[in-house]
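A.B. asks: This one is run04.cif, mmCIF, C-alpha atoms.
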data_coords
#
loop_
_atom_site.label_atom_id
_atom_site.label_comp_id
_atom_site.auth_asym_id
_atom_site.auth_seq_id
_atom_site.Cartn_x
_atom_site.Cartn_y
_atom_site.Cartn_z
CA MET X 1 -3.76 -19.87 19.44
CA THR X 2 -5.64 -20.65 22.60
CA ASP X 3 -3.77 -19.13 25.51
CA ASP X 4 -2.32 -21.48 28.08
CA GLY X 5 -1.85 -18.78 30.65
CA ASP X 6 1.49 -19.86 32.06
CA GLU X 7 3.55 -17.55 29.90
CA GLY X 8 1.58 -14.36 30.32
CA ASP X 9 -1.93 -13.23 29.53
CA GLY X 10 -1.65 -13.03 25.77
CA SER X 11 -5.39 -12.75 25.33
CA ASP X 12 -5.34 -9.19 26.60
CA GLU X 13 -3.09 -8.25 23.70
CA ARG X 14 -5.06 -9.90 20.97
CA GLY X 15 -7.84 -7.78 19.46
CA GLY X 16 -7.10 -4.08 19.71
CA GLY X 17 -8.01 -3.73 23.39
CA ASP X 18 -8.09 -0.20 24.67
CA ASP X 19 -4.99 1.92 24.58
CA THR X 20 -4.83 2.61 28.30
CA GLU X 21 -4.94 -1.07 29.10
CA ARG X 22 -2.18 -1.67 26.57
CA ASP X 23 0.01 1.12 27.88
CA ASP X 24 -0.35 -0.30 31.40
CA LEU X 25 0.61 -3.71 30.13
CA ALA X 26 3.56 -2.23 28.28
CA ALA X 27 4.77 -0.48 31.40
CA ARG X 28 4.41 -3.65 33.46
CA ARG X 29 6.04 -6.10 31.13
CA GLY X 30 8.36 -4.09 28.95
CA LEU X 31 7.71 -3.28 25.31
CA ASP X 32 9.11 -6.51 23.88
CA ASP X 33 6.65 -8.72 25.75
CA VAL X 34 3.64 -6.77 24.56
CA THR X 35 4.76 -6.74 20.95
CA VAL X 36 5.87 -10.39 20.68
CA TYR X 37 3.58 -13.42 20.48
CA GLN X 38 4.14 -15.54 23.59
CA PRO X 39 4.08 -19.36 23.64
CA ALA X 40 0.62 -20.96 23.63
CA GLU X 41 -0.87 -24.37 22.72
CA ASP X 42 0.13 -24.00 19.08
CA SER X 43 3.74 -23.39 20.12
CA GLY X 44 3.68 -26.51 22.29
CA LEU X 45 2.41 -28.66 19.42
CA LEU X 46 4.96 -27.30 16.96
CA ALA X 47 7.76 -27.88 19.47
CA GLU X 48 6.60 -31.46 20.07
CA ALA X 49 6.57 -32.20 16.33
CA ALA X 50 9.86 -30.43 15.66
CA VAL X 51 11.63 -32.23 18.51
CA ALA X 52 10.41 -35.52 17.02
CA GLU X 53 11.13 -34.82 13.33
CA ALA X 54 13.87 -32.21 12.95
CA HIS X 55 17.44 -33.07 12.05
CA GLY X 56 20.59 -31.26 11.00
CA ARG X 57 20.46 -27.50 10.69
CA VAL X 58 17.08 -26.04 11.63
CA LEU X 59 15.33 -22.76 10.81
CA GLU X 60 12.27 -21.54 12.64
CA VAL X 61 10.44 -18.89 10.60
CA GLY X 62 8.41 -16.41 12.68
CA THR X 63 10.14 -17.56 15.84
CA GLY X 64 8.42 -14.93 18.01
CA SER X 65 9.72 -15.31 21.56
CA GLY X 66 12.08 -18.08 20.37
CA TRP X 67 10.47 -20.65 22.66
CA VAL X 68 9.98 -23.37 20.01
CA ALA X 69 13.47 -22.87 18.58
CA ALA X 70 14.97 -23.09 22.07
CA GLN X 71 13.05 -26.34 22.79
CA VAL X 72 14.40 -27.95 19.63
CA ALA X 73 17.94 -26.74 20.31
CA SER X 74 17.97 -28.04 23.90
CA GLU X 75 16.01 -31.30 23.46
CA ARG X 76 17.82 -32.40 20.31
CA ASP X 77 21.12 -30.54 20.57
CA LEU X 78 20.70 -29.14 17.05
CA ASP X 79 21.78 -25.82 15.55
CA VAL X 80 18.63 -23.73 15.35
CA ILE X 81 18.25 -20.31 13.78
CA GLY X 82 15.16 -18.23 14.57
CA SER X 83 14.00 -15.53 12.19
CA ASP X 84 11.24 -12.97 12.61
CA LEU X 85 10.02 -9.86 10.85
CA ASN X 86 9.64 -8.22 14.25
CA PRO X 87 12.90 -6.89 15.75
CA HIS X 88 11.40 -7.11 19.26
CA ALA X 89 10.85 -10.83 18.67
CA ALA X 90 14.38 -11.35 17.37
CA ARG X 91 15.65 -9.71 20.55
CA GLN X 92 13.57 -11.97 22.80
CA ALA X 93 14.66 -15.05 20.87
CA ARG X 94 18.29 -14.02 21.26
CA GLU X 95 17.82 -13.49 24.99
CA ARG X 96 16.59 -17.08 25.10
CA GLY X 97 19.85 -18.21 23.51
CA VAL X 98 18.53 -18.67 19.97
CA GLU X 99 20.63 -17.43 17.03
CA ALA X 100 18.29 -14.68 15.81
CA VAL X 101 17.86 -12.90 12.49
CA VAL X 102 15.40 -10.19 11.41
CA ALA X 103 14.01 -11.33 8.06
CA ASP X 104 10.97 -11.42 5.82
CA LEU X 105 9.98 -15.11 5.66
CA LEU X 106 12.67 -17.00 3.72
CA SER X 107 14.12 -14.14 1.66
CA PRO X 108 17.70 -13.98 3.06
CA PHE X 109 18.44 -17.72 3.20
CA ARG X 110 20.55 -19.72 0.79
CA ALA X 111 19.51 -22.64 -1.38
CA ASP X 112 19.58 -26.04 0.40
CA ALA X 113 20.67 -24.34 3.64
CA PHE X 114 18.36 -26.16 6.09
CA ASP X 115 17.51 -29.77 6.93
CA ALA X 116 14.37 -28.72 8.78
CA VAL X 117 12.19 -25.60 8.60
CA CYS X 118 9.49 -24.97 11.22
CA PHE X 119 6.69 -22.44 10.86
CA ASN X 120 3.75 -21.52 13.06
CA PRO X 121 2.29 -18.92 10.70
CA PRO X 122 0.04 -16.01 11.59
CA TYR X 123 -3.17 -17.72 10.55
CA LEU X 124 -6.28 -15.98 11.84
CA PRO X 125 -8.52 -14.85 8.97
CA THR X 126 -8.88 -11.09 9.41
CA ASP X 127 -11.30 -8.60 7.93
CA PRO X 128 -9.12 -6.06 6.04
CA ASP X 129 -11.27 -3.22 7.43
CA ASN X 130 -10.68 -4.42 10.92
CA GLU X 131 -6.93 -4.94 11.06
CA TRP X 132 -5.23 -3.18 13.91
CA ASP X 133 -1.82 -2.64 12.29
CA ASP X 134 0.75 -3.34 14.97
CA TRP X 135 3.25 -6.11 15.76
CA MET X 136 0.66 -8.31 17.41
CA GLU X 137 -1.43 -8.18 14.26
CA HIS X 138 1.58 -9.30 12.24
CA ALA X 139 1.96 -12.19 14.67
CA LEU X 140 -1.65 -13.33 14.40
CA SER X 141 -3.33 -12.21 11.20
CA GLY X 142 -3.16 -14.33 8.08
CA GLY X 143 -5.05 -11.74 6.06
CA GLU X 144 -8.55 -12.23 4.70
CA SER X 145 -8.04 -15.92 3.85
CA GLY X 146 -5.83 -16.71 6.85
CA ARG X 147 -3.31 -18.04 4.32
CA GLU X 148 -1.53 -14.87 3.19
CA LEU X 149 1.77 -15.91 4.79
CA ILE X 150 1.36 -19.66 4.19
CA GLU X 151 1.15 -19.16 0.41
CA PRO X 152 4.52 -17.39 -0.12
CA PHE X 153 6.15 -19.61 2.52
CA LEU X 154 5.14 -22.79 0.68
CA ALA X 155 6.11 -21.32 -2.68
CA ASP X 156 9.68 -20.60 -1.44
CA VAL X 157 10.48 -23.21 1.19
CA GLY X 158 11.64 -25.81 -1.33
CA HIS X 159 14.45 -23.45 -2.28
CA VAL X 160 16.06 -23.26 1.19
CA LEU X 161 15.38 -26.89 2.10
CA ALA X 162 18.08 -29.56 1.63
CA PRO X 163 17.06 -32.48 -0.64
CA ASP X 164 16.09 -34.79 2.24
CA GLY X 165 14.77 -31.95 4.38
CA VAL X 166 11.50 -31.72 6.27
CA VAL X 167 9.12 -28.80 6.83
CA LEU X 168 7.01 -28.69 9.98
CA LEU X 169 3.97 -26.50 9.41
CA LEU X 170 1.26 -25.76 11.95
CA VAL X 171 -2.20 -25.57 10.41
CA SER X 172 -5.40 -24.47 12.16
CA SER X 173 -8.84 -25.55 11.00
CA LEU X 174 -9.65 -21.79 11.02
CA THR X 175 -7.23 -21.35 8.13
CA GLY X 176 -8.86 -24.01 5.96
CA TYR X 177 -7.18 -27.40 6.27
CA GLU X 178 -8.11 -28.66 2.79
CA GLU X 179 -7.02 -25.39 1.15
CA VAL X 180 -3.63 -25.63 2.85
CA LEU X 181 -3.27 -29.26 1.71
CA ASP X 182 -3.90 -28.10 -1.87
CA LEU X 183 -1.17 -25.46 -1.55
CA ILE X 184 1.24 -28.08 -0.15
CA ASP X 185 0.50 -30.39 -3.06
CA ALA X 186 1.00 -27.55 -5.57
CA ALA X 187 4.39 -26.79 -3.97
CA GLY X 188 5.49 -30.39 -4.65
CA PHE X 189 5.32 -31.74 -1.09
CA ALA X 190 3.56 -34.68 0.52
CA ALA X 191 2.10 -34.03 3.99
CA ASP X 192 1.88 -36.33 7.01
CA PRO X 193 0.21 -35.23 10.24
CA VAL X 194 2.63 -35.51 13.19
CA VAL X 195 0.48 -34.20 16.04
CA GLU X 196 -3.10 -32.98 16.22
CA GLU X 197 -5.19 -31.50 18.98
CA SER X 198 -8.74 -30.15 19.12
CA PHE X 199 -9.79 -27.08 21.06
CA PRO X 200 -13.27 -25.54 21.38
CA PHE X 201 -12.81 -23.21 18.41
CA GLU X 202 -10.16 -24.87 16.28
CA THR X 203 -8.24 -28.04 15.58
CA LEU X 204 -4.49 -27.63 15.33
CA THR X 205 -2.37 -30.02 13.26
CA VAL X 206 1.36 -30.04 12.67
CA LEU X 207 2.15 -31.47 9.24
CA ALA X 208 5.54 -32.86 8.21
CA LEU X 209 6.12 -31.98 4.55
CA ARG X 210 8.61 -33.90 2.46
CA ARG X 211 9.27 -33.70 -1.26
CA ALA X 212 6.70 -35.79 -3.05
CA MET O 1 25.42 -13.72 15.32
CA LYS O 2 27.95 -16.48 15.00
CA GLU O 3 30.21 -16.33 11.96
CA SER O 4 28.81 -19.72 10.90
CA LEU O 5 25.56 -17.91 10.05
CA MET O 6 27.35 -16.68 6.93
CA ASP O 7 26.96 -20.23 5.52
CA VAL O 8 23.17 -19.90 5.34
CA ILE O 9 22.39 -16.24 4.67
CA CYS O 10 22.42 -14.26 1.44
CA CYS O 11 21.20 -10.91 0.12
CA PRO O 12 17.37 -10.89 0.33
CA LEU O 13 17.19 -8.88 -2.89
CA ASP O 14 19.30 -10.90 -5.32
CA LYS O 15 20.39 -13.98 -3.27
CA SER O 16 24.06 -13.12 -3.78
CA THR O 17 26.86 -13.69 -1.26
CA LEU O 18 27.24 -11.26 1.64
CA GLU O 19 30.51 -9.93 2.95
CA LEU O 20 30.95 -9.49 6.70
CA ASP O 21 32.61 -6.43 8.24
CA VAL O 22 32.99 -6.77 12.00
CA ASP O 23 32.90 -3.66 14.21
CA GLU O 24 32.55 -5.43 17.54
CA ALA O 25 32.83 -9.08 18.55
CA ASP O 26 33.37 -11.28 21.58
CA ASP O 27 34.81 -14.82 21.75
CA GLU O 28 31.71 -16.40 20.22
CA GLU O 29 29.82 -13.82 18.25
CA VAL O 30 29.74 -10.77 16.06
CA LEU O 31 27.91 -8.11 18.07
CA ALA O 32 28.02 -5.20 15.63
CA GLY O 33 28.98 -4.82 12.02
CA THR O 34 27.74 -4.69 8.47
CA LEU O 35 26.81 -7.23 5.84
CA THR O 36 27.32 -6.04 2.28
CA CYS O 37 26.01 -7.72 -0.85
CA THR O 38 28.90 -8.53 -3.17
CA GLU O 39 26.58 -8.07 -6.16
CA CYS O 40 24.24 -5.11 -5.58
CA GLY O 41 26.20 -3.39 -2.79
CA GLU O 42 23.17 -3.11 -0.45
CA THR O 43 24.19 -3.08 3.22
CA TYR O 44 22.51 -4.77 6.17
CA PRO O 45 23.31 -3.79 9.77
CA ILE O 46 24.22 -6.13 12.62
CA GLU O 47 23.18 -4.56 15.93
CA ASP O 48 23.26 -6.12 19.39
CA GLY O 49 24.28 -9.41 17.77
CA ILE O 50 21.27 -9.53 15.44
CA PRO O 51 21.59 -9.06 11.67
CA ASN O 52 18.70 -7.17 10.07
CA LEU O 53 18.25 -8.81 6.67
CA LEU O 54 15.02 -7.10 5.72
CA PRO O 55 15.03 -5.50 2.28
CA PRO O 56 15.67 -1.74 2.74
CA ASP O 57 12.05 -0.66 2.14
CA MET O 58 10.73 -3.08 4.77
CA ARG O 59 13.50 -2.16 7.21
CA GLU O 60 12.36 1.45 7.27
CA LYS O 61 8.74 0.45 7.72
CA ALA O 62 9.61 -1.95 10.53
CA ALA O 63 11.53 0.74 12.39
CA ALA O 64 8.42 2.93 12.55
#
Before anything else, please render the file you have as C-alpha coordinates.
C.D. replies:
Amino acid sequence: MTDDGDEGDGSDERGGGDDTERDDLAARRGLDDVTVYQPAEDSGLLAEAAVAEAHGRVLEVGTGSGWVAAQVASERDLDVIGSDLNPHAARQARERGVEAVVADLLSPFRADAFDAVCFNPPYLPTDPDNEWDDWMEHALSGGESGRELIEPFLADVGHVLAPDGVVLLLVSSLTGYEEVLDLIDAAGFAADPVVEESFPFETLTVLALRRA
Amino acid sequence: MKESLMDVICCPLDKSTLELDVDEADDEEVLAGTLTCTECGETYPIEDGIPNLLPPDMREKAAA
(Lines of atoms letter the chains of each structure in order from A and count residues from 1; the text may use other names and numbers.)
(Lines give C-alpha, C1' and ligand atoms only; values in the text may rest on other atoms or scores of the structure.)
Protein backbone atom coordinates (compact mmCIF):
# COMPACT_ATOMS: atom_id res chain seq x y z
CA MET A 1 0.00 0.00 0.00
CA THR A 2 2.93 2.29 -0.56
CA ASP A 3 1.70 5.38 -2.35
CA ASP A 4 3.00 6.02 -5.84
CA GLY A 5 1.94 9.62 -5.84
CA ASP A 6 0.71 9.89 -9.42
CA GLU A 7 -2.93 9.27 -8.58
CA GLY A 8 -3.30 11.60 -5.64
CA ASP A 9 -1.77 11.89 -2.21
CA GLY A 10 -3.42 8.90 -0.57
CA SER A 11 -1.08 9.00 2.39
CA ASP A 12 -2.83 12.08 3.74
CA GLU A 13 -6.02 10.06 4.02
CA ARG A 14 -4.58 7.05 5.72
CA GLY A 15 -4.42 7.25 9.53
CA GLY A 16 -7.10 9.51 10.94
CA GLY A 17 -5.37 12.79 10.09
CA ASP A 18 -7.00 15.86 11.51
CA ASP A 19 -10.53 16.74 10.56
CA THR A 20 -9.75 20.16 9.14
CA GLU A 21 -7.16 18.72 6.81
CA ARG A 22 -9.65 16.09 5.71
CA ASP A 23 -12.44 18.57 5.13
CA ASP A 24 -10.09 20.67 2.99
CA LEU A 25 -9.15 17.60 1.02
CA ALA A 26 -12.80 16.70 0.62
CA ALA A 27 -13.62 20.14 -0.67
CA ARG A 28 -10.71 20.04 -3.12
CA ARG A 29 -11.21 16.61 -4.55
CA GLY A 30 -14.86 15.78 -4.06
CA LEU A 31 -16.16 13.33 -1.50
CA ASP A 32 -15.71 10.20 -3.61
CA ASP A 33 -11.95 10.67 -3.97
CA VAL A 34 -11.40 11.05 -0.25
CA THR A 35 -13.50 8.03 0.63
CA VAL A 36 -12.17 5.64 -2.03
CA TYR A 37 -8.77 3.93 -2.02
CA GLN A 38 -6.79 5.21 -5.00
CA PRO A 39 -4.41 3.08 -7.10
CA ALA A 40 -0.98 2.44 -5.57
CA GLU A 41 1.83 -0.12 -6.00
CA ASP A 42 -0.39 -2.98 -4.83
CA SER A 43 -2.96 -2.07 -7.48
CA GLY A 44 -0.27 -2.08 -10.16
CA LEU A 45 0.93 -5.54 -9.15
CA LEU A 46 -2.58 -6.98 -9.05
CA ALA A 47 -3.34 -5.49 -12.47
CA GLU A 48 -0.13 -6.95 -13.92
CA ALA A 49 -0.97 -10.43 -12.60
CA ALA A 50 -4.63 -10.23 -13.61
CA VAL A 51 -3.80 -9.08 -17.14
CA ALA A 52 -1.45 -12.07 -17.43
CA GLU A 53 -3.69 -14.75 -15.85
CA ALA A 54 -7.36 -13.79 -16.15
CA HIS A 55 -9.70 -15.31 -18.70
CA GLY A 56 -13.41 -15.39 -19.42
CA ARG A 57 -15.71 -13.49 -17.10
CA VAL A 58 -13.85 -11.61 -14.37
CA LEU A 59 -14.89 -10.26 -10.96
CA GLU A 60 -12.80 -7.82 -8.99
CA VAL A 61 -13.83 -7.83 -5.32
CA GLY A 62 -13.16 -4.54 -3.48
CA THR A 63 -12.57 -2.77 -6.77
CA GLY A 64 -12.17 0.66 -5.11
CA SER A 65 -11.62 3.23 -7.84
CA GLY A 66 -12.04 0.49 -10.47
CA TRP A 67 -8.53 1.02 -11.82
CA VAL A 68 -7.46 -2.66 -11.77
CA ALA A 69 -10.76 -3.83 -13.28
CA ALA A 70 -10.46 -1.22 -16.04
CA GLN A 71 -6.87 -2.33 -16.82
CA VAL A 72 -7.97 -5.95 -17.21
CA ALA A 73 -10.98 -4.98 -19.32
CA SER A 74 -8.95 -2.81 -21.70
CA GLU A 75 -5.73 -4.87 -21.93
CA ARG A 76 -7.46 -8.21 -22.37
CA ASP A 77 -10.85 -7.21 -23.76
CA LEU A 78 -12.64 -9.25 -21.08
CA ASP A 79 -15.96 -8.66 -19.32
CA VAL A 80 -15.04 -7.38 -15.87
CA ILE A 81 -17.40 -6.67 -13.00
CA GLY A 82 -16.19 -4.59 -10.06
CA SER A 83 -17.84 -4.90 -6.66
CA ASP A 84 -17.28 -2.87 -3.53
CA LEU A 85 -18.92 -2.43 -0.14
CA ASN A 86 -18.44 1.31 -0.52
CA PRO A 87 -21.04 3.03 -2.74
CA HIS A 88 -18.60 5.90 -3.42
CA ALA A 89 -16.16 3.33 -4.83
CA ALA A 90 -18.82 1.69 -6.99
CA ARG A 91 -19.60 5.12 -8.41
CA GLN A 92 -15.95 5.84 -9.24
CA ALA A 93 -15.54 2.41 -10.83
CA ARG A 94 -18.61 3.02 -12.97
CA GLU A 95 -17.28 6.41 -14.04
CA ARG A 96 -14.18 4.55 -15.22
CA GLY A 97 -16.39 2.34 -17.40
CA VAL A 98 -16.42 -0.71 -15.11
CA GLU A 99 -19.70 -2.57 -14.55
CA ALA A 100 -20.13 -1.81 -10.84
CA VAL A 101 -22.08 -3.47 -8.04
CA VAL A 102 -22.35 -2.61 -4.34
CA ALA A 103 -21.85 -5.88 -2.46
CA ASP A 104 -20.42 -7.51 0.63
CA LEU A 105 -17.54 -9.67 -0.65
CA LEU A 106 -18.99 -12.55 -2.69
CA SER A 107 -22.48 -12.72 -1.17
CA PRO A 108 -24.64 -11.78 -4.22
CA PHE A 109 -22.85 -13.85 -6.87
CA ARG A 110 -23.99 -17.14 -8.35
CA ALA A 111 -22.24 -20.49 -8.25
CA ASP A 112 -19.59 -20.99 -10.99
CA ALA A 113 -20.26 -17.46 -12.29
CA PHE A 114 -16.65 -16.31 -12.80
CA ASP A 115 -13.56 -17.61 -14.59
CA ALA A 116 -11.31 -15.25 -12.67
CA VAL A 117 -11.71 -13.44 -9.34
CA CYS A 118 -9.24 -10.71 -8.31
CA PHE A 119 -8.91 -9.33 -4.79
CA ASN A 120 -6.59 -6.77 -3.23
CA PRO A 121 -7.96 -7.09 0.30
CA PRO A 122 -7.81 -4.52 3.07
CA TYR A 123 -4.85 -6.08 4.84
CA LEU A 124 -3.25 -3.78 7.38
CA PRO A 125 -3.34 -5.30 10.88
CA THR A 126 -5.21 -2.76 13.00
CA ASP A 127 -5.52 -2.36 16.74
CA PRO A 128 -9.28 -2.62 17.49
CA ASP A 129 -8.98 0.31 19.93
CA ASN A 130 -7.44 2.42 17.26
CA GLU A 131 -9.75 1.93 14.29
CA TRP A 132 -11.03 5.13 12.78
CA ASP A 133 -14.35 3.84 11.44
CA ASP A 134 -14.81 5.42 8.04
CA TRP A 135 -14.64 4.28 4.40
CA MET A 136 -10.87 4.58 4.24
CA GLU A 137 -10.58 2.25 7.21
CA HIS A 138 -12.76 -0.29 5.41
CA ALA A 139 -10.41 0.02 2.43
CA LEU A 140 -7.24 -0.56 4.45
CA SER A 141 -7.86 -2.39 7.70
CA GLY A 142 -7.79 -6.17 7.84
CA GLY A 143 -8.73 -6.18 11.50
CA GLU A 144 -6.42 -7.29 14.29
CA SER A 145 -4.84 -10.13 12.29
CA GLY A 146 -4.88 -8.32 8.94
CA ARG A 147 -6.76 -11.35 7.60
CA GLU A 148 -10.35 -10.60 8.63
CA LEU A 149 -11.51 -10.16 5.02
CA ILE A 150 -9.16 -12.76 3.51
CA GLU A 151 -10.64 -15.54 5.66
CA PRO A 152 -14.30 -15.24 4.53
CA PHE A 153 -13.18 -14.49 0.97
CA LEU A 154 -11.18 -17.72 0.75
CA ALA A 155 -13.95 -19.70 2.41
CA ASP A 156 -16.49 -18.57 -0.24
CA VAL A 157 -14.55 -17.98 -3.44
CA GLY A 158 -14.69 -21.62 -4.54
CA HIS A 159 -18.46 -21.28 -4.76
CA VAL A 160 -18.50 -18.47 -7.36
CA LEU A 161 -15.49 -19.75 -9.31
CA ALA A 162 -15.96 -21.86 -12.45
CA PRO A 163 -14.26 -25.31 -12.32
CA ASP A 164 -11.15 -24.19 -14.24
CA GLY A 165 -11.18 -20.72 -12.72
CA VAL A 166 -8.32 -18.78 -11.18
CA VAL A 167 -8.20 -16.45 -8.16
CA LEU A 168 -5.65 -13.64 -8.07
CA LEU A 169 -5.02 -12.61 -4.48
CA LEU A 170 -2.64 -9.89 -3.34
CA VAL A 171 -0.83 -10.76 -0.12
CA SER A 172 1.39 -8.44 1.92
CA SER A 173 4.09 -9.72 4.25
CA LEU A 174 2.40 -7.49 6.89
CA THR A 175 -0.62 -9.80 6.76
CA GLY A 176 1.40 -12.96 7.42
CA TYR A 177 2.36 -14.77 4.23
CA GLU A 178 2.56 -18.26 5.77
CA GLU A 179 -0.77 -17.83 7.57
CA VAL A 180 -2.45 -16.86 4.30
CA LEU A 181 -0.90 -19.88 2.56
CA ASP A 182 -2.42 -22.10 5.27
CA LEU A 183 -5.86 -20.55 4.68
CA ILE A 184 -5.49 -21.10 0.92
CA ASP A 185 -4.58 -24.73 1.48
CA ALA A 186 -7.55 -25.20 3.85
CA ALA A 187 -9.86 -23.74 1.18
CA GLY A 188 -8.70 -26.44 -1.27
CA PHE A 189 -6.51 -24.30 -3.52
CA ALA A 190 -2.90 -24.51 -4.66
CA ALA A 191 -1.03 -21.18 -4.86
CA ASP A 192 1.59 -20.01 -7.36
CA PRO A 193 3.25 -16.61 -7.07
CA VAL A 194 2.74 -14.56 -10.24
CA VAL A 195 4.48 -11.30 -9.33
CA GLU A 196 6.35 -10.17 -6.24
CA GLU A 197 7.92 -6.90 -5.22
CA SER A 198 9.68 -5.72 -2.07
CA PHE A 199 9.24 -2.30 -0.52
CA PRO A 200 10.90 -0.88 2.61
CA PHE A 201 8.11 -2.01 4.93
CA GLU A 202 6.49 -4.91 3.14
CA THR A 203 6.79 -7.45 0.37
CA LEU A 204 3.78 -7.73 -1.91
CA THR A 205 2.99 -10.96 -3.76
CA VAL A 206 0.14 -11.76 -6.10
CA LEU A 207 -0.76 -15.44 -5.88
CA ALA A 208 -2.70 -17.35 -8.54
CA LEU A 209 -4.94 -19.89 -6.79
CA ARG A 210 -6.28 -22.89 -8.64
CA ARG A 211 -8.19 -25.87 -7.28
CA ALA A 212 -5.72 -28.32 -5.83
CA MET B 1 -25.96 -2.24 -15.06
CA LYS B 2 -26.21 -4.29 -18.20
CA GLU B 3 -28.98 -6.87 -18.30
CA SER B 4 -26.30 -9.56 -18.72
CA LEU B 5 -25.38 -8.96 -15.07
CA MET B 6 -28.51 -10.95 -14.21
CA ASP B 7 -26.57 -14.09 -15.25
CA VAL B 8 -24.13 -13.74 -12.35
CA ILE B 9 -26.03 -12.13 -9.48
CA CYS B 10 -28.40 -13.64 -6.92
CA CYS B 11 -30.02 -12.71 -3.63
CA PRO B 12 -27.24 -12.22 -1.04
CA LEU B 13 -29.47 -13.69 1.67
CA ASP B 14 -30.60 -17.00 0.19
CA LYS B 15 -28.79 -17.16 -3.21
CA SER B 16 -32.10 -17.40 -5.06
CA THR B 17 -32.86 -15.89 -8.47
CA LEU B 18 -33.58 -12.17 -8.71
CA GLU B 19 -36.25 -10.60 -10.86
CA LEU B 20 -35.51 -7.32 -12.64
CA ASP B 21 -38.01 -4.45 -12.80
CA VAL B 22 -36.75 -1.60 -14.98
CA ASP B 23 -37.79 1.98 -14.19
CA GLU B 24 -35.29 3.72 -16.45
CA ALA B 25 -32.93 2.43 -19.13
CA ASP B 26 -30.90 3.61 -22.11
CA ASP B 27 -29.72 1.62 -25.14
CA GLU B 28 -27.10 -0.28 -23.16
CA GLU B 29 -28.01 -0.27 -19.52
CA VAL B 30 -30.58 -0.30 -16.78
CA LEU B 31 -30.18 3.00 -14.94
CA ALA B 32 -32.89 2.66 -12.30
CA GLY B 33 -35.07 -0.15 -11.11
CA THR B 34 -35.51 -2.88 -8.55
CA LEU B 35 -34.24 -6.40 -8.11
CA THR B 36 -36.59 -8.67 -6.18
CA CYS B 37 -35.73 -12.07 -4.77
CA THR B 38 -38.12 -14.67 -6.17
CA GLU B 39 -37.80 -16.66 -2.94
CA CYS B 40 -37.72 -14.31 0.07
CA GLY B 41 -39.17 -11.20 -1.62
CA GLU B 42 -36.37 -8.88 -0.42
CA THR B 43 -35.82 -5.95 -2.79
CA TYR B 44 -32.55 -4.37 -3.91
CA PRO B 45 -32.45 -0.94 -5.56
CA ILE B 46 -30.67 -0.02 -8.79
CA GLU B 47 -29.72 3.66 -8.71
CA ASP B 48 -27.60 5.60 -11.20
CA GLY B 49 -26.91 2.31 -13.00
CA ILE B 50 -25.51 0.59 -9.90
CA PRO B 51 -27.35 -2.25 -8.14
CA ASN B 52 -27.01 -2.24 -4.35
CA LEU B 53 -26.89 -5.91 -3.39
CA LEU B 54 -25.96 -5.45 0.24
CA PRO B 55 -28.15 -7.35 2.68
CA PRO B 56 -30.73 -4.88 4.11
CA ASP B 57 -29.01 -4.46 7.50
CA MET B 58 -25.68 -3.58 5.88
CA ARG B 59 -27.35 -1.30 3.35
CA GLU B 60 -28.71 0.91 6.12
CA LYS B 61 -25.37 1.00 7.88
CA ALA B 62 -23.53 1.86 4.65
CA ALA B 63 -25.89 4.76 3.96
CA ALA B 64 -24.94 6.39 7.26
A.B. asks: Can you work out which residues from chain O touch chain X at a cut-off of 9 Å (counting all atoms listed in the file) and hand them back as JSON, numbers by chain?
C.D. replies: {"O": [1, 2, 5, 7, 8, 9, 10, 11, 12, 13, 15, 16, 17, 48, 49, 50, 51, 52, 53, 54, 55, 58, 62, 63]}
A.B. asks: Written as a PDB file with C-alpha atoms, keeping the file's coordinate frame, what is the full residue list that the PyMOL selection byres ((chain X and resi 70) around 10) yields on the file shown?
C.D. replies:
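Here's the written file part04.pdb:
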ATOM      1  CA  ALA X  47       7.760 -27.880  19.470  1.00  0.00           C
ATOM      2  CA  GLU X  60      12.270 -21.540  12.640  1.00  0.00           C
ATOM      3  CA  THR X  63      10.140 -17.560  15.840  1.00  0.00           C
ATOM      4  CA  SER X  65       9.720 -15.310  21.560  1.00  0.00           C
ATOM      5  CA  GLY X  66      12.080 -18.080  20.370  1.00  0.00           C
ATOM      6  CA  TRP X  67      10.470 -20.650  22.660  1.00  0.00           C
ATOM      7  CA  VAL X  68       9.980 -23.370  20.010  1.00  0.00           C
ATOM      8  CA  ALA X  69      13.470 -22.870  18.580  1.00  0.00           C
ATOM      9  CA  GLN X  71      13.050 -26.340  22.790  1.00  0.00           C
ATOM     10  CA  VAL X  72      14.400 -27.950  19.630  1.00  0.00           C
ATOM     11  CA  ALA X  73      17.940 -26.740  20.310  1.00  0.00           C
ATOM     12  CA  SER X  74      17.970 -28.040  23.900  1.00  0.00           C
ATOM     13  CA  GLU X  75      16.010 -31.300  23.460  1.00  0.00           C
ATOM     14  CA  ARG X  76      17.820 -32.400  20.310  1.00  0.00           C
ATOM     15  CA  ASP X  77      21.120 -30.540  20.570  1.00  0.00           C
ATOM     16  CA  LEU X  78      20.700 -29.140  17.050  1.00  0.00           C
ATOM     17  CA  ASP X  79      21.780 -25.820  15.550  1.00  0.00           C
ATOM     18  CA  VAL X  80      18.630 -23.730  15.350  1.00  0.00           C
ATOM     19  CA  ILE X  81      18.250 -20.310  13.780  1.00  0.00           C
ATOM     20  CA  GLY X  82      15.160 -18.230  14.570  1.00  0.00           C
ATOM     21  CA  ALA X  93      14.660 -15.050  20.870  1.00  0.00           C
ATOM     22  CA  ARG X  94      18.290 -14.020  21.260  1.00  0.00           C
ATOM     23  CA  ARG X  96      16.590 -17.080  25.100  1.00  0.00           C
ATOM     24  CA  GLY X  97      19.850 -18.210  23.510  1.00  0.00           C
ATOM     25  CA  VAL X  98      18.530 -18.670  19.970  1.00  0.00           C
ATOM     26  CA  GLU X  99      20.630 -17.430  17.030  1.00  0.00           C
TER      27      GLU X  99
END
A.B. asks: Compile the contact shell of Thr36 of chain O as a PyMOL selection string: residues with an atom at most 6 Å away, counting all atoms listed in the file, same-chain residues fewer than 3 positions apart removed.
C.D. replies: chain O and resi 18-19+41-43
A.B. asks: What does the distance between atom CA of Leu140 of chain X and atom CA of Thr35 of chain X come to in Å, to one decimal place?
C.D. replies: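 Spanning atom CA of Leu140 of chain X to atom CA of Thr35 of chain X is a straight-line distance of 11.3 Å.
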A.B. asks: Report, in Å to a single decimal, how far apart atom CA of Gly64 of chain X and atom CA of Val167 of chain X are.
C.D. replies: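 These atoms are spaced 17.8 Å apart.
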A.B. asks: What lies within 9 Å of Leu45 of chain X using only C-alpha atoms, ignoring chain neighbours under 2 positions off, as JSON, numbers by chain?
C.D. replies: {"X": [40, 41, 42, 43, 47, 48, 49, 50, 170, 195, 196, 197, 204, 205, 206]}
A.B. asks: Record the distance separating atom CA of Gly146 of chain X and atom CA of Pro122 of chain X, expressed in Å with one decimal.
C.D. replies: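 Atom CA of Pro122 of chain X lies at a distance of 7.6 Å from atom CA of Gly146 of chain X.
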A.B. asks: Identify all residues satisfying the PyMOL selection byres ((chain X and resi 177) around 12) in the given file; provide them as a list in words.
C.D. replies: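 Listing what the PyMOL selection byres ((chain X and resi 177) around 12) selects in the shown file: Tyr123, Ser145, Gly146, Arg147, Ile150, Leu169, Leu170, Val171, Ser172, Ser173, Leu174, Thr175, Gly176, Glu178, Glu179, Val180, Leu181, Asp182, Leu183, Ile184, Ala191, Pro193, Glu202, Thr203, Leu204, Thr205, Val206 and Leu207 of chain X.
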